[in-house]
Amino acid sequence: MLDSSGRPIRGAEIEFQSAVERNLTTTDAEGRFTITEVEGGGTLRVTYPGFRPVTLAIEPDSPAGYPGEIRLVPAPSVQRIEVSALGEEIVPALPSSQFSLSRQQLDVSGSLVLDDILRQVPGFTLFRRSGSLSANPTAQGVSLRGVGASGASRALVLADGVPLNDPFGGWVYWNRIPTASIESVQVFNGAASDLYGSGALGGVVNIQSRRMRHSFATVEASYGNEKTPKLSFDAGWLWGKWGLAAAGQALRTRGYVLVAEGQQGVVDTPAGTGDLTGSLRLSRQLGERGGFFVRASSFGESRRNGTPLQINNTRIPALDLGADWSQSRAGSFSLRLYGSYGIFNQNFSAVSANRASESLTNVQRSPSQQLGFAGQWQRTFSARHTLSAAIESRGVRGHSAETTFGAAGPTALVDAGGRQRTLGFLAQDAFQFAPNWLLTFGGRVDQWLNSRGYSSRIPLLAGAPTASAFPDRSDTALSPRLSLLRTFEKGIAVSASVYRAFRAPTLNELYRNFRVGNVVTNANPSLHAERLTGGEAGISVRGWARRLTFRGNLFWSDITDLVANVTLTTTPTLITRQRQNIGVTRARGLELSSEARLPKRLQLVCEFILTDSSVLRFPANAALEGLRIPQVPRNQVNVQLNYLGRIWTAGLQARFIGQQFDDDQNLLPLDRFFTLDAELSHRLRPQVTLFAAAQNLTNVRYQVGRTPVLTVGPPALARAGVRFDLP
């Protein structure tokens, strides 16, 4: 085992997976290793911190000494188009904060939908504590590592290199991707605007679909309480170099009453959803190391949000194209083109104090569309430099058309919207300047333009129409990064990074008002971009024959102009807020993760994150200085115990979330809570598996929000189902 300059690598981790067993070893001082009993063939995987993993297929009856010499090349921690798969480890042996969930991990999570599965990752939260089964789409923006939760995500979510965040609002429709089609999910905690631009202020979630290696079919069907059926499938056919894959999912749940029992009234009804999604993908292999695909997809959702009048629905057709090609001299190239059109409709209402009646306040229709592309090139030079360059652009336009209502009926027609265009360039070098030292440096320049912004109001009862045109605004952000990695013998590695990042406000934050319960939040067309300056230091240790991994990370982030919902007025019947730029906030903390592969196919993962996230300066409202950022718990603990057998598999996930606040003034606390999820499966035959799963086994009704009425989390959700895996 050699590095790119021909020096032996000591301590590189070797994994050989055959059809019947898994063998582990490491390289010696001369970079040599030996794996026995490979006659039946299998997969050889080589990993070493700071280098790109190598995976080789070992054919049956391969000659002795195969594969001979293997060379590893330096790699940045994250690539632009695709986060590298990190094997079966949930906690990879990397000093940076990365987590990897394989297909097997998804199957034993006990969770029905993807966002609930991702709560295994420390620091992962949505805007509120509820998940996509019951939460309004505008509350499904993802936050990582305490940067602050919002309806708009402060983390970028990708599906095969294509952004999944809603182009108008920044939130995520988690059920757009059928769970049966997911091969793995990687999460990178920490600012990543140097690679991904706006949206990656807090990190990146990358969802990878199943690769077409052969023809296959997977179907999963289940049914649970709260009238919750789910059907998810993924099937592919391979003819020579051509492949055709179809995936789809249907999910429905009646849901539960959101309001706590002591405060429920006549108007309170279960909040549930009905989702339907499907995709068709055509692909072709180009040589041995390339290929392209075109994928058409459609998603539809209809939700009930807890009262008869509060409903919403969404429709999103999309088209994605991608190409990947690699050549030893030219390097590796990746390209993604994507476009989508979405319509989001929502009704808002006012509920009486005794919750005995409600009245319609507004009906919104928010259409939007996007068109974008991202291209990346990467090549290793002089056996020490891995250079990367990329260009990315996206155009979005959308508006929110609203009919407001009073006691006598419709009162006005309100419309607001605009366009947003972004363009980014990045360059990066991963430089192995000495044995066991890797320096990564580079950055990205982004320029964006908000144009054609407008708002209008046409009274229907009395008064004169009004209209405003907002001036075009453009801005530029430089997002540099400097990282240093040092590896030692005996599986130890340390790293340190400093960086800058940013997030431009979405069209939704600029132009769309919304209401949750008796809390109204107004848009603000004058918002500026959020800008983050931060750093982190980490250490990873792997020992006990590669069965034990420990990792610790200290992190710090200062954010200027964080967009927050600031309270303007409070009355017994209505709280009015507005999106505003807060002066400076700080998120700092400690993240600890460990993974142990125990005897008898047991796996234990423990994760802890301690976060101090507060307002440092806000001259416009000094009363908020020193207060905690809403929706950020101070501490979070995750524990997962899995049994990964050939016939039986089982998983138990425990999660503790500390206290957090639901408002900027820290007057509405949400108590700490603890939950358990579990899943048990039995393989009847190679193609058929029965399973049973449960979320929130303890049936704790933890606090989700105060609007100011207390809303609570879901009761226990138990389900049973069958999974077919057909060759």
# chains A, B, ... in the order shown; residues from 1 in each chain; ligands from 1

$ residues_around --residues "Thr277 in chain A" --least-positions-apart "3" --cutoff "8 Å" --atoms "only C-alpha atoms" --output "PyMOL selection string"
chain A and resi 175-178+248-250+297-300

$ write_last_selection --atoms "N, CA and C atoms" --output "CSV table (one decimal), in the first residue's frame"
chain,number,residue,atom,x,y,z
A,175,ASN,N,-40.2,13.3,1.7
A,175,ASN,CA,-40.7,12.1,1.1
A,175,ASN,C,-40.7,12.2,-0.4
A,176,ARG,N,-39.9,13.1,-1.0
A,176,ARG,CA,-39.8,13.1,-2.4
A,176,ARG,C,-38.9,12.0,-2.9
A,177,ILE,N,-38.0,11.4,-2.0
A,177,ILE,CA,-37.2,10.3,-2.4
A,177,ILE,C,-37.7,9.1,-1.8
A,178,PRO,N,-38.2,8.1,-2.6
A,178,PRO,CA,-38.6,6.8,-2.0
A,178,PRO,C,-37.5,6.2,-1.2
A,248,GLY,N,-40.8,4.5,-6.7
A,248,GLY,CA,-42.0,5.2,-6.3
A,248,GLY,C,-42.4,5.0,-4.8
A,249,GLN,N,-43.2,5.8,-4.3
A,249,GLN,CA,-43.7,5.6,-2.9
A,249,GLN,C,-45.0,6.3,-2.7
A,250,ALA,N,-45.9,5.6,-1.9
A,250,ALA,CA,-47.2,6.1,-1.5
A,250,ALA,C,-47.2,6.0,0.0
A,297,SER,N,-39.2,13.0,-12.5
A,297,SER,CA,-39.8,12.7,-11.2
A,297,SER,C,-41.0,13.6,-11.0
A,298,SER,N,-41.9,13.2,-10.1
A,298,SER,CA,-43.1,14.0,-9.8
A,298,SER,C,-43.4,13.7,-8.3
A,299,PHE,N,-43.8,14.7,-7.6
A,299,PHE,CA,-44.2,14.6,-6.2
A,299,PHE,C,-45.5,15.3,-5.9
A,300,GLY,N,-46.3,14.7,-5.2
A,300,GLY,CA,-47.6,15.4,-4.7
A,300,GLY,C,-47.8,15.1,-3.3

$ residues_around --residues "Lys490 in chain A" --least-positions-apart "3" --cutoff "9 Å" --atoms "only C-alpha atoms" --output "list in words"
Arg10, Gly11, Val541, Arg542 and Gly543 of chain A

$ write_last_selection --atoms "C-alpha atoms" --output "PDB file, in the first residue's frame"
ATOM      1  CA  ARG A  10       1.412   2.103   7.612  1.00  0.00           C
ATOM      2  CA  GLY A  11      -1.921   1.521   9.347  1.00  0.00           C
ATOM      3  CA  VAL A 541      -8.808   7.172  17.242  1.00  0.00           C
ATOM      4  CA  ARG A 542      -9.392   3.693  15.873  1.00  0.00           C
ATOM      5  CA  GLY A 543      -8.215   0.576  17.682  1.00  0.00           C
TER       6      GLY A 543
END

$ closest_atom_pairs --of "range 165-277 of chain A" --to "range 549-566 of chain A" --cutoff "12 Å" --atoms "only C-alpha atoms" --output "tab-separated table"
residue	atom	partner	partner_atom	distance
A:Asn189	CA	A:Phe555	CA	10.0
A:Gly190	CA	A:Phe555	CA	8.3
A:Ala191	CA	A:Ser557	CA	8.7
A:Leu201	CA	A:Ile559	CA	9.5
A:Gly202	CA	A:Ser557	CA	9.5

$ write_last_selection --atoms "C-alpha atoms" --output "PDB file, in the first residue's frame"
ATOM      1  CA  ASN A 189     -21.585  18.774  10.026  1.00  0.00           C
ATOM      2  CA  GLY A 190     -20.005  22.195   9.718  1.00  0.00           C
ATOM      3  CA  ALA A 191     -19.967  25.100   7.305  1.00  0.00           C
ATOM      4  CA  LEU A 201     -24.048  27.354   6.149  1.00  0.00           C
ATOM      5  CA  GLY A 202     -24.398  24.527   8.672  1.00  0.00           C
TER       6      GLY A 202
END

$ closest_residue --among "A:Phe674, A:Arg7, A:Pro163, A:Gln640" --to "Phe656 in chain A" --atoms "only C-alpha atoms"
A:Phe674

$ residues_around --residues "Trp648 in chain A" --least-positions-apart "2" --cutoff "7 Å" --atoms "only C-alpha atoms" --output "JSON, numbers by chain"
{"A": [645, 646, 650, 681, 682, 683]}

$ write_last_selection --atoms "N, CA and C atoms" --output "mmCIF file, in the first residue's frame"
data_model
loop_
_atom_site.group_PDB
_atom_site.id
_atom_site.type_symbol
_atom_site.label_atom_id
_atom_site.label_comp_id
_atom_site.auth_asym_id
_atom_site.auth_seq_id
_atom_site.Cartn_x
_atom_site.Cartn_y
_atom_site.Cartn_z
ATOM 1 N N GLY A 645 -27.357 -9.589 11.855
ATOM 2 C CA GLY A 645 -27.164 -10.971 11.467
ATOM 3 C C GLY A 645 -27.630 -11.237 10.047
ATOM 4 N N ARG A 646 -27.388 -12.472 9.597
ATOM 5 C CA ARG A 646 -27.803 -12.834 8.241
ATOM 6 C C ARG A 646 -29.287 -13.179 8.172
ATOM 7 N N ALA A 650 -31.810 -6.475 14.182
ATOM 8 C CA ALA A 650 -32.572 -5.727 15.171
ATOM 9 C C ALA A 650 -31.858 -4.421 15.455
ATOM 10 N N SER A 681 -36.318 -7.600 12.296
ATOM 11 C CA SER A 681 -36.650 -8.220 11.014
ATOM 12 C C SER A 681 -36.136 -9.652 10.978
ATOM 13 N N HIS A 682 -36.828 -10.469 10.185
ATOM 14 C CA HIS A 682 -36.467 -11.879 10.028
ATOM 15 C C HIS A 682 -36.526 -12.234 8.545
ATOM 16 N N ARG A 683 -35.423 -12.751 8.030
ATOM 17 C CA ARG A 683 -35.360 -13.138 6.621
ATOM 18 C C ARG A 683 -35.905 -14.562 6.474
#

$ closest_residue --among "A:Thr440, A:Ser594, A:Gln659, A:Gln603" --to "Asp194 in chain A" --atoms "only C-alpha atoms"
A:Thr440

$ decode --residues "range 655-704 of chain A" --atoms "N, CA and C atoms" --output "PDB file, in the first residue's frame"
ATOM      1  N   ARG A 655     -32.864   8.377  22.183  1.00  0.00           N
ATOM      2  CA  ARG A 655     -32.535   9.779  21.884  1.00  0.00           C
ATOM      3  C   ARG A 655     -32.983  10.661  23.046  1.00  0.00           C
ATOM      4  N   PHE A 656     -32.061  11.504  23.522  1.00  0.00           N
ATOM      5  CA  PHE A 656     -32.373  12.491  24.558  1.00  0.00           C
ATOM      6  C   PHE A 656     -32.131  13.881  23.993  1.00  0.00           C
ATOM      7  N   ILE A 657     -33.119  14.768  24.143  1.00  0.00           N
ATOM      8  CA  ILE A 657     -33.014  16.148  23.671  1.00  0.00           C
ATOM      9  C   ILE A 657     -33.195  17.071  24.861  1.00  0.00           C
ATOM     10  N   GLY A 658     -32.264  17.993  25.036  1.00  0.00           N
ATOM     11  CA  GLY A 658     -32.343  18.922  26.152  1.00  0.00           C
ATOM     12  C   GLY A 658     -33.333  20.041  25.924  1.00  0.00           C
ATOM     13  N   GLN A 659     -33.443  20.919  26.920  1.00  0.00           N
ATOM     14  CA  GLN A 659     -34.394  22.036  26.846  1.00  0.00           C
ATOM     15  C   GLN A 659     -34.015  23.004  25.730  1.00  0.00           C
ATOM     16  N   GLN A 660     -35.023  23.576  25.105  1.00  0.00           N
ATOM     17  CA  GLN A 660     -34.815  24.621  24.117  1.00  0.00           C
ATOM     18  C   GLN A 660     -35.971  25.606  24.212  1.00  0.00           C
ATOM     19  N   PHE A 661     -35.883  26.705  23.451  1.00  0.00           N
ATOM     20  CA  PHE A 661     -36.928  27.725  23.466  1.00  0.00           C
ATOM     21  C   PHE A 661     -37.592  27.811  22.101  1.00  0.00           C
ATOM     22  N   ASP A 662     -38.875  28.181  22.115  1.00  0.00           N
ATOM     23  CA  ASP A 662     -39.654  28.284  20.880  1.00  0.00           C
ATOM     24  C   ASP A 662     -39.733  29.713  20.378  1.00  0.00           C
ATOM     25  N   ASP A 663     -39.126  30.651  21.104  1.00  0.00           N
ATOM     26  CA  ASP A 663     -39.249  32.055  20.708  1.00  0.00           C
ATOM     27  C   ASP A 663     -37.948  32.790  20.965  1.00  0.00           C
ATOM     28  N   ASP A 664     -37.824  33.964  20.332  1.00  0.00           N
ATOM     29  CA  ASP A 664     -36.611  34.762  20.435  1.00  0.00           C
ATOM     30  C   ASP A 664     -36.429  35.374  21.806  1.00  0.00           C
ATOM     31  N   GLN A 665     -37.530  35.596  22.563  1.00  0.00           N
ATOM     32  CA  GLN A 665     -37.436  36.231  23.871  1.00  0.00           C
ATOM     33  C   GLN A 665     -37.201  35.225  24.999  1.00  0.00           C
ATOM     34  N   ASN A 666     -37.088  33.953  24.666  1.00  0.00           N
ATOM     35  CA  ASN A 666     -36.875  32.884  25.647  1.00  0.00           C
ATOM     36  C   ASN A 666     -37.960  32.860  26.718  1.00  0.00           C
ATOM     37  N   LEU A 667     -39.199  33.155  26.311  1.00  0.00           N
ATOM     38  CA  LEU A 667     -40.334  33.109  27.223  1.00  0.00           C
ATOM     39  C   LEU A 667     -41.149  31.837  27.075  1.00  0.00           C
ATOM     40  N   LEU A 668     -40.894  31.074  26.012  1.00  0.00           N
ATOM     41  CA  LEU A 668     -41.686  29.882  25.728  1.00  0.00           C
ATOM     42  C   LEU A 668     -40.758  28.668  25.689  1.00  0.00           C
ATOM     43  N   PRO A 669     -40.442  28.087  26.850  1.00  0.00           N
ATOM     44  CA  PRO A 669     -39.507  26.949  26.875  1.00  0.00           C
ATOM     45  C   PRO A 669     -40.179  25.652  26.437  1.00  0.00           C
ATOM     46  N   LEU A 670     -39.366  24.760  25.891  1.00  0.00           N
ATOM     47  CA  LEU A 670     -39.792  23.414  25.538  1.00  0.00           C
ATOM     48  C   LEU A 670     -38.953  22.441  26.352  1.00  0.00           C
ATOM     49  N   ASP A 671     -39.606  21.591  27.132  1.00  0.00           N
ATOM     50  CA  ASP A 671     -38.911  20.724  28.081  1.00  0.00           C
ATOM     51  C   ASP A 671     -38.086  19.654  27.375  1.00  0.00           C
ATOM     52  N   ARG A 672     -37.106  19.109  28.107  1.00  0.00           N
ATOM     53  CA  ARG A 672     -36.297  17.995  27.630  1.00  0.00           C
ATOM     54  C   ARG A 672     -37.163  16.745  27.495  1.00  0.00           C
ATOM     55  N   PHE A 673     -36.693  15.786  26.685  1.00  0.00           N
ATOM     56  CA  PHE A 673     -37.456  14.545  26.548  1.00  0.00           C
ATOM     57  C   PHE A 673     -36.536  13.417  26.100  1.00  0.00           C
ATOM     58  N   PHE A 674     -37.075  12.179  26.202  1.00  0.00           N
ATOM     59  CA  PHE A 674     -36.342  10.968  25.865  1.00  0.00           C
ATOM     60  C   PHE A 674     -37.281  10.041  25.101  1.00  0.00           C
ATOM     61  N   THR A 675     -36.793   9.451  23.988  1.00  0.00           N
ATOM     62  CA  THR A 675     -37.611   8.534  23.200  1.00  0.00           C
ATOM     63  C   THR A 675     -36.801   7.301  22.818  1.00  0.00           C
ATOM     64  N   LEU A 676     -37.543   6.237  22.452  1.00  0.00           N
ATOM     65  CA  LEU A 676     -36.950   4.993  21.982  1.00  0.00           C
ATOM     66  C   LEU A 676     -37.623   4.565  20.684  1.00  0.00           C
ATOM     67  N   ASP A 677     -36.821   4.162  19.697  1.00  0.00           N
ATOM     68  CA  ASP A 677     -37.316   3.558  18.464  1.00  0.00           C
ATOM     69  C   ASP A 677     -36.691   2.166  18.339  1.00  0.00           C
ATOM     70  N   ALA A 678     -37.396   1.251  17.647  1.00  0.00           N
ATOM     71  CA  ALA A 678     -36.873  -0.105  17.513  1.00  0.00           C
ATOM     72  C   ALA A 678     -37.384  -0.745  16.235  1.00  0.00           C
ATOM     73  N   GLU A 679     -36.612  -1.693  15.728  1.00  0.00           N
ATOM     74  CA  GLU A 679     -37.031  -2.475  14.568  1.00  0.00           C
ATOM     75  C   GLU A 679     -36.438  -3.875  14.669  1.00  0.00           C
ATOM     76  N   LEU A 680     -37.235  -4.876  14.282  1.00  0.00           N
ATOM     77  CA  LEU A 680     -36.829  -6.277  14.279  1.00  0.00           C
ATOM     78  C   LEU A 680     -37.255  -6.893  12.955  1.00  0.00           C
ATOM     79  N   SER A 681     -36.318  -7.600  12.296  1.00  0.00           N
ATOM     80  CA  SER A 681     -36.650  -8.220  11.014  1.00  0.00           C
ATOM     81  C   SER A 681     -36.136  -9.652  10.978  1.00  0.00           C
ATOM     82  N   HIS A 682     -36.828 -10.469  10.185  1.00  0.00           N
ATOM     83  CA  HIS A 682     -36.467 -11.879  10.028  1.00  0.00           C
ATOM     84  C   HIS A 682     -36.526 -12.234   8.545  1.00  0.00           C
ATOM     85  N   ARG A 683     -35.423 -12.751   8.030  1.00  0.00           N
ATOM     86  CA  ARG A 683     -35.360 -13.138   6.621  1.00  0.00           C
ATOM     87  C   ARG A 683     -35.905 -14.562   6.474  1.00  0.00           C
ATOM     88  N   LEU A 684     -37.080 -14.666   5.856  1.00  0.00           N
ATOM     89  CA  LEU A 684     -37.692 -15.973   5.659  1.00  0.00           C
ATOM     90  C   LEU A 684     -36.951 -16.780   4.608  1.00  0.00           C
ATOM     91  N   ARG A 685     -36.537 -16.098   3.562  1.00  0.00           N
ATOM     92  CA  ARG A 685     -35.749 -16.676   2.484  1.00  0.00           C
ATOM     93  C   ARG A 685     -34.941 -15.546   1.873  1.00  0.00           C
ATOM     94  N   PRO A 686     -34.013 -15.814   0.984  1.00  0.00           N
ATOM     95  CA  PRO A 686     -33.155 -14.725   0.486  1.00  0.00           C
ATOM     96  C   PRO A 686     -33.918 -13.532  -0.085  1.00  0.00           C
ATOM     97  N   GLN A 687     -35.128 -13.747  -0.590  1.00  0.00           N
ATOM     98  CA  GLN A 687     -35.855 -12.658  -1.228  1.00  0.00           C
ATOM     99  C   GLN A 687     -36.940 -12.043  -0.349  1.00  0.00           C
ATOM    100  N   VAL A 688     -37.257 -12.621   0.807  1.00  0.00           N
ATOM    101  CA  VAL A 688     -38.411 -12.177   1.592  1.00  0.00           C
ATOM    102  C   VAL A 688     -37.998 -11.931   3.040  1.00  0.00           C
ATOM    103  N   THR A 689     -38.323 -10.738   3.556  1.00  0.00           N
ATOM    104  CA  THR A 689     -38.027 -10.374   4.937  1.00  0.00           C
ATOM    105  C   THR A 689     -39.277  -9.792   5.585  1.00  0.00           C
ATOM    106  N   LEU A 690     -39.610 -10.275   6.763  1.00  0.00           N
ATOM    107  CA  LEU A 690     -40.685  -9.704   7.568  1.00  0.00           C
ATOM    108  C   LEU A 690     -40.073  -8.787   8.623  1.00  0.00           C
ATOM    109  N   PHE A 691     -40.756  -7.685   8.931  1.00  0.00           N
ATOM    110  CA  PHE A 691     -40.222  -6.774   9.931  1.00  0.00           C
ATOM    111  C   PHE A 691     -41.345  -6.138  10.740  1.00  0.00           C
ATOM    112  N   ALA A 692     -40.980  -5.717  11.938  1.00  0.00           N
ATOM    113  CA  ALA A 692     -41.859  -4.943  12.815  1.00  0.00           C
ATOM    114  C   ALA A 692     -41.054  -3.781  13.374  1.00  0.00           C
ATOM    115  N   ALA A 693     -41.671  -2.627  13.477  1.00  0.00           N
ATOM    116  CA  ALA A 693     -40.954  -1.428  13.907  1.00  0.00           C
ATOM    117  C   ALA A 693     -41.859  -0.565  14.772  1.00  0.00           C
ATOM    118  N   ALA A 694     -41.239   0.271  15.588  1.00  0.00           N
ATOM    119  CA  ALA A 694     -41.987   1.193  16.438  1.00  0.00           C
ATOM    120  C   ALA A 694     -41.176   2.450  16.677  1.00  0.00           C
ATOM    121  N   GLN A 695     -41.847   3.586  16.617  1.00  0.00           N
ATOM    122  CA  GLN A 695     -41.260   4.870  16.983  1.00  0.00           C
ATOM    123  C   GLN A 695     -41.900   5.359  18.269  1.00  0.00           C
ATOM    124  N   ASN A 696     -41.082   5.970  19.131  1.00  0.00           N
ATOM    125  CA  ASN A 696     -41.553   6.498  20.414  1.00  0.00           C
ATOM    126  C   ASN A 696     -42.197   5.392  21.244  1.00  0.00           C
ATOM    127  N   LEU A 697     -41.417   4.342  21.500  1.00  0.00           N
ATOM    128  CA  LEU A 697     -41.904   3.197  22.274  1.00  0.00           C
ATOM    129  C   LEU A 697     -42.414   3.606  23.656  1.00  0.00           C
ATOM    130  N   THR A 698     -41.828   4.633  24.238  1.00  0.00           N
ATOM    131  CA  THR A 698     -42.235   5.076  25.572  1.00  0.00           C
ATOM    132  C   THR A 698     -43.523   5.891  25.546  1.00  0.00           C
ATOM    133  N   ASN A 699     -43.998   6.231  24.346  1.00  0.00           N
ATOM    134  CA  ASN A 699     -45.252   6.974  24.162  1.00  0.00           C
ATOM    135  C   ASN A 699     -45.231   8.325  24.891  1.00  0.00           C
ATOM    136  N   VAL A 700     -44.055   8.925  25.004  1.00  0.00           N
ATOM    137  CA  VAL A 700     -43.953  10.222  25.667  1.00  0.00           C
ATOM    138  C   VAL A 700     -44.494  11.310  24.733  1.00  0.00           C
ATOM    139  N   ARG A 701     -45.334  12.181  25.242  1.00  0.00           N
ATOM    140  CA  ARG A 701     -45.894  13.277  24.436  1.00  0.00           C
ATOM    141  C   ARG A 701     -45.046  14.531  24.693  1.00  0.00           C
ATOM    142  N   TYR A 702     -43.882  14.539  24.099  1.00  0.00           N
ATOM    143  CA  TYR A 702     -42.941  15.628  24.332  1.00  0.00           C
ATOM    144  C   TYR A 702     -43.433  16.914  23.680  1.00  0.00           C
ATOM    145  N   GLN A 703     -42.958  18.044  24.241  1.00  0.00           N
ATOM    146  CA  GLN A 703     -43.391  19.361  23.773  1.00  0.00           C
ATOM    147  C   GLN A 703     -42.720  19.706  22.445  1.00  0.00           C
ATOM    148  N   VAL A 704     -43.523  20.163  21.483  1.00  0.00           N
ATOM    149  CA  VAL A 704     -43.032  20.498  20.148  1.00  0.00           C
ATOM    150  C   VAL A 704     -43.005  21.998  19.921  1.00  0.00           C
TER     151      VAL A 704
END
